[in-house]
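Source file structure17.cif; content: mmCIF, C-alpha atoms.
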data_target
#
loop_
_atom_site.label_atom_id
_atom_site.label_comp_id
_atom_site.auth_asym_id
_atom_site.auth_seq_id
_atom_site.Cartn_x
_atom_site.Cartn_y
_atom_site.Cartn_z
CA MET A 1248 44.62 8.44 -70.71
CA ILE A 1249 43.87 6.55 -67.53
CA HIS A 1250 45.32 3.07 -67.92
CA PRO A 1251 42.38 0.63 -68.09
CA LYS A 1252 44.46 -2.26 -66.80
CA GLU A 1253 45.25 -0.37 -63.60
CA SER A 1254 41.96 1.42 -63.01
CA PRO A 1255 40.56 -1.15 -60.53
CA CYS A 1256 41.02 -0.50 -56.84
CA THR A 1257 40.46 -3.86 -55.24
CA ALA A 1258 41.04 -2.89 -51.62
CA GLY A 1259 38.20 -4.01 -49.41
CA THR A 1260 35.40 -5.02 -51.76
CA GLY A 1261 37.26 -6.14 -54.88
CA ARG A 1262 35.09 -3.79 -56.94
CA LYS A 1263 36.60 -1.44 -59.48
CA PHE A 1264 37.15 2.19 -58.58
CA ALA A 1265 34.35 3.42 -60.85
CA THR A 1266 31.90 1.37 -58.80
CA ARG A 1267 33.46 2.15 -55.45
CA VAL A 1268 33.60 5.92 -55.92
CA VAL A 1269 29.86 6.01 -56.65
CA ARG A 1270 28.59 3.43 -54.20
CA THR A 1271 30.95 4.28 -51.35
CA VAL A 1272 30.07 7.96 -51.52
CA SER A 1273 26.37 7.38 -52.01
CA GLY A 1274 25.55 4.54 -49.69
CA THR A 1275 22.05 4.55 -48.27
CA ASP A 1276 20.67 5.89 -45.04
CA ALA A 1277 20.10 2.86 -42.78
CA ARG A 1278 16.98 4.33 -41.18
CA THR A 1279 15.13 5.70 -44.21
CA GLY A 1280 16.83 4.15 -47.23
CA ALA A 1281 17.58 7.62 -48.60
CA SER A 1282 20.06 7.59 -51.51
CA SER A 1283 21.94 10.56 -50.05
CA VAL A 1284 23.57 10.87 -46.63
CA PRO A 1285 21.37 13.21 -44.55
CA ILE A 1286 22.69 16.58 -43.45
CA TYR A 1287 22.70 16.47 -39.66
CA GLN A 1288 22.43 20.20 -39.08
CA ALA A 1289 23.07 20.02 -35.35
CA SER A 1290 25.77 21.41 -33.11
CA THR A 1291 25.03 19.17 -30.15
CA PHE A 1292 23.39 15.83 -29.37
CA HIS A 1293 21.19 14.63 -26.49
CA HIS A 1294 22.68 12.38 -23.81
CA ALA A 1295 19.98 9.89 -22.86
CA SER A 1296 22.36 8.46 -20.29
CA LEU A 1297 25.41 10.00 -18.66
CA GLU A 1298 26.86 6.55 -18.06
CA ASN A 1299 26.46 5.58 -21.72
CA PRO A 1300 27.14 8.72 -23.77
CA PRO A 1301 26.07 8.74 -27.43
CA GLU A 1302 28.49 8.24 -30.31
CA TYR A 1303 28.17 11.93 -31.18
CA ASP A 1304 28.01 14.63 -28.54
CA TYR A 1305 29.25 17.86 -30.19
CA THR A 1306 29.78 18.48 -33.90
CA ARG A 1307 33.34 19.75 -33.55
CA SER A 1308 34.20 16.33 -32.14
CA GLY A 1309 32.08 14.36 -34.59
CA ASN A 1310 29.02 14.55 -36.82
CA PRO A 1311 27.32 11.75 -38.81
CA THR A 1312 27.47 13.71 -42.08
CA ARG A 1313 31.15 14.53 -41.73
CA GLN A 1314 31.85 10.99 -40.56
CA ALA A 1315 30.35 9.60 -43.77
CA LEU A 1316 32.74 11.77 -45.78
CA GLU A 1317 35.71 10.78 -43.62
CA ASP A 1318 34.90 7.09 -43.97
CA THR A 1319 34.57 7.53 -47.72
CA ILE A 1320 37.97 9.13 -48.32
CA ALA A 1321 39.62 6.54 -46.07
CA GLN A 1322 38.14 3.74 -48.16
CA LEU A 1323 39.04 5.35 -51.47
CA GLU A 1324 42.65 6.00 -50.38
CA GLY A 1325 43.02 2.57 -48.80
CA GLY A 1326 43.75 4.04 -45.37
CA ALA A 1327 42.70 3.33 -41.79
CA ARG A 1328 40.88 6.59 -41.00
CA GLY A 1329 39.95 9.81 -42.74
CA PHE A 1330 39.51 13.35 -41.44
CA ALA A 1331 37.74 16.37 -42.94
CA PHE A 1332 38.93 19.94 -42.41
CA SER A 1333 37.80 23.45 -43.28
CA SER A 1334 40.43 23.79 -46.05
CA GLY A 1335 43.37 22.00 -47.61
CA MET A 1336 45.77 24.13 -45.60
CA ALA A 1337 43.87 23.24 -42.42
CA ALA A 1338 44.44 19.57 -43.21
CA ILE A 1339 48.15 20.12 -43.90
CA SER A 1340 48.60 22.35 -40.83
CA THR A 1341 46.94 19.80 -38.57
CA ALA A 1342 49.13 17.00 -39.92
CA PHE A 1343 52.24 19.08 -39.18
CA MET A 1344 51.01 19.55 -35.59
CA LEU A 1345 52.13 15.96 -35.05
CA LEU A 1346 55.60 17.50 -34.82
CA SER A 1347 57.14 19.38 -31.89
CA ASN A 1348 59.51 22.22 -31.18
CA GLY A 1349 63.01 21.25 -32.27
CA ASP A 1350 61.88 18.82 -34.98
CA HIS A 1351 63.13 19.02 -38.56
CA VAL A 1352 61.20 18.42 -41.80
CA ILE A 1353 62.46 17.56 -45.28
CA CYS A 1354 60.10 18.96 -47.94
CA SER A 1355 59.86 18.90 -51.73
CA GLU A 1356 61.47 22.10 -52.97
CA ASP A 1357 58.76 23.17 -55.44
CA VAL A 1358 55.92 22.60 -53.03
CA TYR A 1359 52.63 24.55 -53.14
CA GLY A 1360 53.14 28.14 -52.03
CA GLY A 1361 50.73 27.86 -49.11
CA THR A 1362 52.66 24.90 -47.71
CA TYR A 1363 55.91 26.83 -48.18
CA ARG A 1364 54.42 29.79 -46.30
CA LEU A 1365 53.25 27.55 -43.45
CA LEU A 1366 56.65 25.91 -43.07
CA THR A 1367 58.74 29.07 -43.34
CA THR A 1368 56.70 31.79 -41.63
CA ILE A 1369 54.58 29.91 -39.10
CA LEU A 1370 56.12 26.59 -38.13
CA GLY A 1371 59.58 28.15 -38.34
CA ARG A 1372 58.87 30.55 -35.48
CA MET A 1373 57.47 27.61 -33.49
CA GLY A 1374 60.86 25.92 -33.65
CA ILE A 1375 60.12 23.42 -36.42
CA GLU A 1376 62.85 23.62 -39.07
CA THR A 1377 62.50 22.75 -42.75
CA THR A 1378 64.97 21.87 -45.47
CA PHE A 1379 63.66 22.07 -49.03
CA VAL A 1380 65.26 19.61 -51.44
CA ASP A 1381 64.74 18.11 -54.87
CA ALA A 1382 62.82 15.07 -53.67
CA THR A 1383 63.32 13.33 -57.00
CA ASP A 1384 66.93 12.71 -55.88
CA LEU A 1385 67.22 10.20 -53.02
CA ASP A 1386 70.83 11.18 -52.42
CA ARG A 1387 69.73 14.74 -51.68
CA LEU A 1388 67.07 13.49 -49.30
CA GLU A 1389 69.68 11.45 -47.46
CA ALA A 1390 72.05 14.43 -47.34
CA ALA A 1391 69.28 16.60 -45.84
CA ARG A 1392 68.53 14.22 -42.98
CA ARG A 1393 69.59 15.40 -39.53
CA PRO A 1394 69.51 13.78 -36.08
CA ASN A 1395 66.32 15.76 -35.36
CA THR A 1396 64.58 15.00 -38.69
CA ARG A 1397 61.12 13.64 -38.00
CA ALA A 1398 59.13 13.92 -41.23
CA VAL A 1399 59.23 14.08 -45.03
CA PHE A 1400 56.58 16.01 -46.97
CA LEU A 1401 56.12 15.33 -50.68
CA GLU A 1402 54.14 16.48 -53.69
CA THR A 1403 54.19 14.30 -56.78
CA PRO A 1404 53.49 15.53 -59.37
CA SER A 1405 54.69 18.73 -57.79
CA ASN A 1406 53.00 22.10 -58.06
CA PRO A 1407 53.46 23.68 -60.57
CA THR A 1408 56.39 22.06 -62.46
CA LEU A 1409 55.01 18.51 -62.10
CA LYS A 1410 58.24 16.90 -60.90
CA ILE A 1411 57.90 13.19 -60.19
CA THR A 1412 59.12 11.63 -56.95
CA ASP A 1413 59.46 7.87 -56.49
CA ILE A 1414 56.92 7.38 -53.70
CA SER A 1415 57.83 3.80 -52.79
CA ALA A 1416 61.55 4.55 -52.72
CA VAL A 1417 61.12 7.57 -50.45
CA ALA A 1418 58.68 5.71 -48.19
CA GLU A 1419 61.09 2.80 -47.82
CA TRP A 1420 64.01 5.13 -47.07
CA ALA A 1421 61.96 7.11 -44.55
CA ARG A 1422 60.73 3.97 -42.81
CA LYS A 1423 64.29 2.75 -42.42
CA HIS A 1424 65.11 5.96 -40.54
CA GLY A 1425 61.88 6.13 -38.54
CA LEU A 1426 60.54 9.20 -40.37
CA LEU A 1427 56.89 10.13 -40.80
CA THR A 1428 55.90 10.52 -44.46
CA MET A 1429 53.21 12.90 -45.71
CA LEU A 1430 52.11 13.42 -49.31
CA ASP A 1431 49.81 15.97 -50.93
CA ASN A 1432 47.69 13.97 -53.40
CA THR A 1433 45.53 16.87 -54.60
CA PHE A 1434 46.60 16.70 -58.25
CA MET A 1435 46.08 12.96 -58.68
CA THR A 1436 43.24 12.08 -56.26
CA PRO A 1437 42.78 8.45 -55.19
CA CYS A 1438 41.37 7.47 -58.56
CA LEU A 1439 44.82 8.00 -60.13
CA GLN A 1440 47.27 7.55 -57.25
CA ARG A 1441 47.02 5.91 -53.83
CA PRO A 1442 50.16 6.77 -51.85
CA ILE A 1443 49.20 4.81 -48.72
CA GLU A 1444 49.33 1.63 -50.80
CA LEU A 1445 52.90 2.66 -51.69
CA GLY A 1446 53.99 3.12 -48.08
CA ILE A 1447 53.08 6.73 -47.20
CA ASP A 1448 51.83 7.39 -43.66
CA ILE A 1449 49.53 10.39 -44.23
CA VAL A 1450 47.87 11.60 -47.43
CA VAL A 1451 46.39 15.10 -47.59
CA HIS A 1452 44.10 16.79 -50.11
CA SER A 1453 42.84 20.19 -50.93
CA ALA A 1454 39.38 18.73 -51.54
CA THR A 1455 38.39 22.14 -52.88
CA LYS A 1456 39.98 20.99 -56.12
CA PHE A 1457 39.30 17.76 -58.05
CA LEU A 1458 37.45 15.95 -55.27
CA GLY A 1459 34.83 18.69 -54.96
CA GLY A 1460 35.20 19.57 -58.61
CA HIS A 1461 32.75 22.44 -58.93
CA SER A 1462 34.45 25.52 -57.42
CA ASP A 1463 31.75 25.74 -54.77
CA VAL A 1464 33.21 24.23 -51.61
CA LEU A 1465 36.33 24.88 -49.52
CA ALA A 1466 37.57 21.69 -47.85
CA GLY A 1467 40.58 19.63 -46.85
CA LEU A 1468 40.97 15.90 -46.22
CA ALA A 1469 43.60 13.73 -44.58
CA VAL A 1470 43.93 9.94 -44.49
CA VAL A 1471 46.23 7.96 -42.21
CA SER A 1472 47.68 4.52 -42.81
CA ASN A 1473 47.12 3.08 -39.32
CA GLU A 1474 44.99 3.46 -36.20
CA ARG A 1475 47.86 4.79 -34.08
CA LEU A 1476 48.22 7.82 -36.35
CA GLY A 1477 44.45 8.02 -36.59
CA HIS A 1478 44.15 8.41 -32.83
CA LYS A 1479 46.75 11.19 -32.83
CA LEU A 1480 45.22 13.08 -35.75
CA LYS A 1481 41.73 12.79 -34.27
CA HIS A 1482 43.05 14.34 -31.06
CA LEU A 1483 44.50 17.24 -33.06
CA GLN A 1484 41.40 17.69 -35.21
CA ASN A 1485 39.21 17.91 -32.13
CA GLY A 1486 41.66 20.08 -30.21
CA LEU A 1487 42.33 22.58 -33.00
CA GLY A 1488 38.73 22.59 -34.19
CA SER A 1489 39.28 23.38 -37.87
CA VAL A 1490 36.65 20.87 -38.95
CA LEU A 1491 34.55 20.87 -42.11
CA GLY A 1492 30.94 21.99 -41.69
CA VAL A 1493 28.14 19.54 -42.39
CA GLN A 1494 26.73 21.40 -45.41
CA ASP A 1495 30.16 21.44 -47.05
CA SER A 1496 30.70 17.78 -46.12
CA TRP A 1497 27.53 16.86 -47.97
CA LEU A 1498 28.40 19.06 -50.93
CA LEU A 1499 31.85 17.50 -51.17
CA MET A 1500 30.39 13.99 -51.17
CA ARG A 1501 28.04 14.96 -53.97
CA GLY A 1502 30.97 16.23 -56.03
CA MET A 1503 33.02 13.09 -55.39
CA LYS A 1504 30.39 10.85 -56.98
CA THR A 1505 31.47 12.04 -60.44
CA LEU A 1506 35.22 12.12 -59.66
CA LEU A 1507 36.33 9.36 -62.01
CA ALA A 1508 34.15 10.51 -64.90
CA ARG A 1509 35.44 14.07 -64.56
CA MET A 1510 39.07 12.99 -64.26
CA GLU A 1511 38.86 10.76 -67.32
CA CYS A 1512 37.40 13.54 -69.47
CA ALA A 1513 39.74 16.26 -68.21
CA GLU A 1514 42.82 14.06 -68.51
CA ARG A 1515 41.97 13.11 -72.09
CA SER A 1516 41.86 16.80 -73.02
CA ALA A 1517 44.92 17.67 -70.92
CA ARG A 1518 47.06 15.13 -72.73
CA GLN A 1519 46.08 16.54 -76.10
CA LEU A 1520 46.55 20.10 -74.88
CA ALA A 1521 50.08 19.27 -73.69
CA GLU A 1522 50.97 17.71 -77.03
CA TRP A 1523 49.54 20.73 -78.87
CA LEU A 1524 51.52 23.14 -76.70
CA THR A 1525 54.80 21.40 -77.56
CA ARG A 1526 54.21 22.43 -81.19
CA GLN A 1527 53.69 26.13 -80.44
CA ARG A 1528 56.69 28.37 -81.19
CA SER A 1529 55.74 30.85 -78.50
CA VAL A 1530 55.91 28.18 -75.79
CA SER A 1531 59.43 27.44 -74.56
CA ARG A 1532 58.62 24.45 -72.35
CA VAL A 1533 55.68 22.24 -71.45
CA TYR A 1534 55.33 20.31 -68.19
CA TYR A 1535 53.05 17.26 -68.24
CA PRO A 1536 53.75 13.71 -67.00
CA GLY A 1537 52.10 12.22 -70.09
CA LEU A 1538 54.67 13.68 -72.49
CA PRO A 1539 57.33 11.17 -73.59
CA GLU A 1540 60.15 13.55 -72.66
CA HIS A 1541 58.82 14.45 -69.19
CA PRO A 1542 61.43 13.66 -66.51
CA GLY A 1543 60.28 10.83 -64.28
CA ARG A 1544 57.52 9.65 -66.60
CA ALA A 1545 58.45 5.98 -66.17
CA ILE A 1546 58.35 6.36 -62.38
CA HIS A 1547 55.01 8.13 -62.57
CA GLU A 1548 53.51 5.39 -64.71
CA ARG A 1549 54.71 2.79 -62.23
CA GLN A 1550 53.00 4.45 -59.26
CA SER A 1551 49.98 6.16 -60.83
CA GLN A 1552 47.07 5.19 -63.03
CA GLY A 1553 47.00 8.31 -65.18
CA TYR A 1554 48.68 11.63 -65.90
CA GLY A 1555 46.18 14.08 -64.45
CA ALA A 1556 44.55 17.22 -65.79
CA ILE A 1557 47.17 19.87 -64.98
CA VAL A 1558 49.43 21.23 -67.73
CA SER A 1559 52.05 23.90 -67.03
CA PHE A 1560 53.84 25.79 -69.78
CA ASP A 1561 56.30 28.65 -70.08
CA VAL A 1562 55.76 31.46 -72.56
CA GLY A 1563 59.18 32.99 -71.94
CA SER A 1564 58.51 36.10 -69.89
CA GLY A 1565 56.21 37.73 -67.40
CA GLU A 1566 55.06 40.22 -70.03
CA ARG A 1567 53.93 37.46 -72.38
CA ALA A 1568 52.27 35.57 -69.56
CA ARG A 1569 50.25 38.65 -68.64
CA LYS A 1570 49.15 39.09 -72.26
CA VAL A 1571 47.98 35.49 -72.43
CA LEU A 1572 45.99 35.99 -69.24
CA GLU A 1573 44.46 39.18 -70.65
CA HIS A 1574 43.38 37.55 -73.90
CA VAL A 1575 41.99 34.15 -72.89
CA THR A 1576 38.20 34.08 -72.82
CA LEU A 1577 37.38 30.48 -71.92
CA PRO A 1578 39.20 29.55 -68.68
CA LEU A 1579 38.75 31.33 -65.40
CA VAL A 1580 41.87 33.28 -64.48
CA ALA A 1581 41.98 32.22 -60.86
CA VAL A 1582 44.07 30.70 -58.08
CA SER A 1583 42.38 27.31 -57.89
CA LEU A 1584 42.26 24.18 -60.05
CA GLY A 1585 40.46 20.89 -60.51
CA ALA A 1586 37.01 22.16 -61.47
CA VAL A 1587 34.54 21.38 -64.25
CA GLU A 1588 35.50 24.72 -65.76
CA SER A 1589 39.08 25.24 -66.99
CA ILE A 1590 41.22 27.48 -64.79
CA LEU A 1591 44.37 29.29 -65.90
CA SER A 1592 46.71 30.43 -63.12
CA TYR A 1593 49.86 32.52 -62.89
CA PRO A 1594 51.94 30.85 -60.15
CA ALA A 1595 54.35 33.77 -59.73
CA MET A 1596 51.55 36.01 -58.46
CA MET A 1597 48.98 33.44 -57.35
CA SER A 1598 49.75 29.99 -55.92
CA HIS A 1599 53.43 30.78 -55.25
CA ALA A 1600 53.24 34.48 -54.40
CA ALA A 1601 54.48 33.67 -50.88
CA MET A 1602 57.73 32.29 -52.27
CA PRO A 1603 60.51 34.90 -52.71
CA ARG A 1604 61.28 35.49 -56.39
CA GLU A 1605 64.90 34.32 -56.21
CA ILE A 1606 63.83 31.03 -54.58
CA ARG A 1607 60.94 30.63 -57.00
CA LEU A 1608 63.29 31.03 -59.97
CA GLN A 1609 65.76 28.56 -58.50
CA ARG A 1610 62.97 26.00 -58.40
CA GLY A 1611 62.01 26.47 -62.02
CA ILE A 1612 58.92 28.59 -61.42
CA GLY A 1613 59.73 31.35 -63.86
CA ASP A 1614 57.93 34.61 -64.59
CA GLY A 1615 56.60 33.16 -67.84
CA LEU A 1616 55.10 30.01 -66.31
CA LEU A 1617 51.37 29.41 -66.56
CA ARG A 1618 49.37 26.52 -65.07
CA TYR A 1619 46.31 25.26 -66.94
CA SER A 1620 43.79 23.12 -65.08
CA VAL A 1621 41.79 21.51 -67.85
CA GLY A 1622 38.04 21.35 -67.36
CA LEU A 1623 35.23 19.65 -69.20
CA GLU A 1624 34.80 22.09 -72.09
CA ALA A 1625 35.20 20.88 -75.67
CA LEU A 1626 38.88 20.43 -76.49
CA GLU A 1627 38.48 22.34 -79.75
CA ASP A 1628 37.29 25.39 -77.83
CA ILE A 1629 40.12 25.13 -75.31
CA LEU A 1630 42.73 24.97 -78.08
CA GLY A 1631 41.11 27.68 -80.18
CA ASP A 1632 40.91 30.10 -77.28
CA LEU A 1633 44.49 29.47 -76.17
CA GLU A 1634 45.76 29.76 -79.74
CA GLN A 1635 44.38 33.27 -80.16
CA ALA A 1636 45.73 34.28 -76.72
CA LEU A 1637 49.23 33.01 -77.57
CA GLN A 1638 49.13 34.85 -80.89
CA ALA A 1639 48.15 38.06 -79.11
CA ALA A 1640 51.07 37.62 -76.70
CA ARG A 1641 53.74 37.43 -79.44
#
For this file, write the structure as structure tokens.
Amino acid sequence: MIHPKESPCTAGTGRKFATRVVRTVSGTDARTGASSVPIYQASTFHHASLENPPEYDYTRSGNPTRQALEDTIAQLEGGARGFAFSSGMAAISTAFMLLSNGDHVICSEDVYGGTYRLLTTILGRMGIETTFVDATDLDRLEAARRPNTRAVFLETPSNPTLKITDISAVAEWARKHGLLTMLDNTFMTPCLQRPIELGIDIVVHSATKFLGGHSDVLAGLAVVSNERLGHKLKHLQNGLGSVLGVQDSWLLMRGMKTLLARMECAERSARQLAEWLTRQRSVSRVYYPGLPEHPGRAIHERQSQGYGAIVSFDVGSGERARKVLEHVTLPLVAVSLGAVESILSYPAMMSHAAMPREIRLQRGIGDGLLRYSVGLEALEDILGDLEQALQAAR
């Protein structure tokens, strides 16, 4: 469960996160008092004076609706500035555009497949090199550093094996060597983990997932720790143009109002699902930070306020995994996660399909691995449905 003693986020107002996530997202319209930020459905804005241009001139460069979202995520993450993009990968790609030809990146080895694809097939041909390492081992990070290393990219918990990296330790090490640190916080969201407060420079989200929460919006967010980085990322956002539309910005803010309530409910069920899975003979291994035997659990508890709603488990083979997917009736079998409805994914052919099989296996993403994103359904129904699917896969 989310630790009550650590739930408050006192940055800025001193109010607890439950209050901040509702009131920061909602706000009120200064002109009308409306309880919802208006949708400014405009591509361009009138210049009453050429000498004194308005705050907004063209929606790619800025829009009041998107700005409200960007201000919100910056406040919730405890950062200096926030930025909204057309997808999670657009946010990650834009952050990596801070680098240049000849630069080198150190990246968590079991990173999301889309990030792996970006680094290996796109940034690689642009002259940006990447070394993938087990980021849970600081000695390996140090060994991977080169004279041209400029950045470290982390996921913790990682996708999909939920490895735990010591955020503060990596941030301190990177700062000592002048390296930019970036962290994908999609799984935890700012209600459970705030990496900027632990020393990370840039936090990114696939806001399509838990932040949106309803499988109805595609969005990405990034938050920077200081104004210098904010100026650089704003330049890239405007120059590349992969911004989030105003309708989706509004929809994302609406979803974020219930973030904490959804996370609390889903995490409560996820913890019980993980414990139940450890007792199933047909399951060879369960990955969940809330399990006593999970590697790095103590580190995770030190830097996070909960365990999240993602549970991965291995049923031993690709054949059995396929049978489970064929027989479940409650979760969506889909590539996403973090929604009100449960979603069961097969990383080998979905989220990590871009990763060559031999590399995927080296990183513990086996053919029998399944990833369950727990939704808001009754736990009894989740367990009952999965029980019959596991029995059918024997």
Judged by only C-alpha atoms, the minimum distance to Leu1366 (chain A) among A:Val1575, A:Met1344, A:Ala1586, A:Ala1469 is found for A:Met1344
Requested in this report: Write out as a list of chain:residue names the residues lying within 10 Å of region 1282-1287 of chain A, counting only C-alpha atoms and excluding same-chain residues fewer than 4 positions away.
Outcome: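 Near region 1282-1287 of chain A, the qualifying residues are A:Arg1270, A:Val1272, A:Ser1273, A:Gly1274, A:Thr1275, A:Asp1276, A:Ala1277, A:Thr1306, A:Asn1310, A:Pro1311, A:Thr1312, A:Arg1313, A:Ala1315, A:Leu1316, A:Val1493, A:Gln1494, A:Asp1495, A:Ser1496, A:Trp1497, A:Leu1498, A:Met1500, A:Arg1501.
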One decimal place gives the CA of Arg1607 (chain A)-CA of Pro1594 (chain A) separation as 9.5 Å
(message) Would you compute the distance between CA of Phe1400 (chain A) and CA of Arg1509 (chain A)? Give it in Å to one decimal.
(response)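 Rounded to one decimal, the two atoms are 27.6 Å apart.
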ask   = Can you tell me how far CA of Lys1456 (chain A) sits from CA of Thr1433 (chain A), in Å to one decimal?
value =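 About the pair CA of Lys1456 (chain A) and CA of Thr1433 (chain A): they are 7.1 Å apart.
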Output check: residues returned by the PyMOL selection byres ((chain A and resi 1520-1532) around 7), as number ranges by chain
A: 1516-1519, 1533-1535, 1558, 1560-1563, 1630, 1637, 1641
